[in-house]
Amino acid sequence: MQEPPSGGYDFLADPDARADQSPAFWRPDEVAAVVILSAAPPGASPSALTLADLPAAIVRRDAEDGAHLFVPGVEGLQQLWVTTGTDARAPLAAIIPLDAMTANRAEAVVRFWDSHTRGSSGRRRSRTRRLERLIAALQALDARLDGASYRAIAEAVFGPRRVADEAWKTSSLRDAVIRMARTGLALMRGGYRKLLKPKSPE
């Protein structure tokens, strides 16, 4: 399969389809969140998971190196690369390349395992909170670009009564809104690319 010049695979996609109907496939060497699966080697502990156990693929693309697919998980769509020759009934093993993204790759495998075997309500809540923070940051940025003051943004986010409870110049809400707007500005200036990589484990 020919590699494209940028981050995605060169699979054909319907340009008229919505993004959630035709998600972008990312190269595993570029994005650590892609989980690489293969048949477990002889002698390995029996796996509790096979390809037949996974939900039906939302999108699948077959290539010379195997199958690339998106399956639903508790945190949204999960991109998988199933290497060539992996039988649907074979016990699975995850392949984690030893490179600069090894820690993030391992975290992605753990999220995948949690999602498809035990579930992970704590991670879902964490992901929801992160998404809410990103949305708030972009809304604050939009308001600033439209000429709104930090105080007006704070009143829209936290309510006028709560803003009035503190002296504005030393208010913690003022600091919070400034951080939100700066985060939104950083995202606009290219920081959104960091969202493709999972947060480093602590």
# chains A, B, ... in the order shown; residues from 1 in each chain; ligands from 1
>>> select_by_dssp(residues="segment 60-101 of chain A", states="strand (DSSP E or B)", output="PDB file with C-alpha atoms, in the first residue's frame")
ATOM      1  CA  ARG A  60     -13.284  -1.397   7.329  1.00  0.00           C
ATOM      2  CA  ARG A  61     -10.503  -1.044   4.780  1.00  0.00           C
ATOM      3  CA  ASP A  62      -8.445  -4.029   3.650  1.00  0.00           C
ATOM      4  CA  ALA A  63      -4.851  -3.567   2.534  1.00  0.00           C
ATOM      5  CA  GLY A  66      -4.022  -6.440   6.956  1.00  0.00           C
ATOM      6  CA  ALA A  67      -7.378  -4.933   7.879  1.00  0.00           C
ATOM      7  CA  HIS A  68      -7.832  -1.403   9.191  1.00  0.00           C
ATOM      8  CA  LEU A  69     -11.135  -0.852  10.934  1.00  0.00           C
ATOM      9  CA  PHE A  70     -13.114   1.291  13.321  1.00  0.00           C
ATOM     10  CA  VAL A  71     -15.190  -0.443  15.989  1.00  0.00           C
ATOM     11  CA  PRO A  72     -17.436   1.191  18.605  1.00  0.00           C
ATOM     12  CA  GLY A  73     -16.199   1.440  22.182  1.00  0.00           C
ATOM     13  CA  GLY A  76     -16.200   6.416  20.898  1.00  0.00           C
ATOM     14  CA  LEU A  77     -14.774   4.858  17.767  1.00  0.00           C
ATOM     15  CA  GLN A  78     -11.551   2.868  18.147  1.00  0.00           C
ATOM     16  CA  GLN A  79      -9.163   2.406  15.229  1.00  0.00           C
ATOM     17  CA  LEU A  80      -7.629  -1.060  14.965  1.00  0.00           C
ATOM     18  CA  TRP A  81      -5.011  -2.517  12.657  1.00  0.00           C
ATOM     19  CA  VAL A  82      -5.379  -6.293  12.398  1.00  0.00           C
ATOM     20  CA  THR A  83      -2.223  -7.640  10.805  1.00  0.00           C
ATOM     21  CA  LEU A  92      -5.472 -11.955  20.135  1.00  0.00           C
ATOM     22  CA  ALA A  93      -2.331 -10.196  21.243  1.00  0.00           C
ATOM     23  CA  ALA A  94      -1.611  -6.483  21.059  1.00  0.00           C
ATOM     24  CA  ILE A  95       1.631  -5.359  19.434  1.00  0.00           C
TER      25      ILE A  95
END
>>> residues_around(residues="segment 153-164 of chain A", least_positions_apart="4", cutoff="7 Å", atoms="only C-alpha atoms", output="PyMOL selection string")
chain A and resi 140+143+148-149+173-174+177
>>> atom_distance(atom1="atom CA of Arg111 of chain A", atom2="atom CA of Thr183 of chain A")
25.9 Å
>>> closest_residue(among="A:Ala56, A:Gly147, A:Lys169, A:Met180", to="Glu132 of chain A", atoms="only C-alpha atoms")
A:Met180
>>> atom_distance(atom1="atom CA of Thr117 of chain A", atom2="atom CA of Val59 of chain A")
21.1 Å
>>> residues_around(residues="Tyr192 of chain A", least_positions_apart="4", cutoff="12 Å", atoms="only C-alpha atoms", output="MDAnalysis selection string")
chainID A and resid 134 137:138 183:188 196:197
>>> select_by_dssp(residues="segment 13-141 of chain A", states="alpha helix (DSSP H)", output="PyMOL selection string")
chain A and resi 102-113+121-141
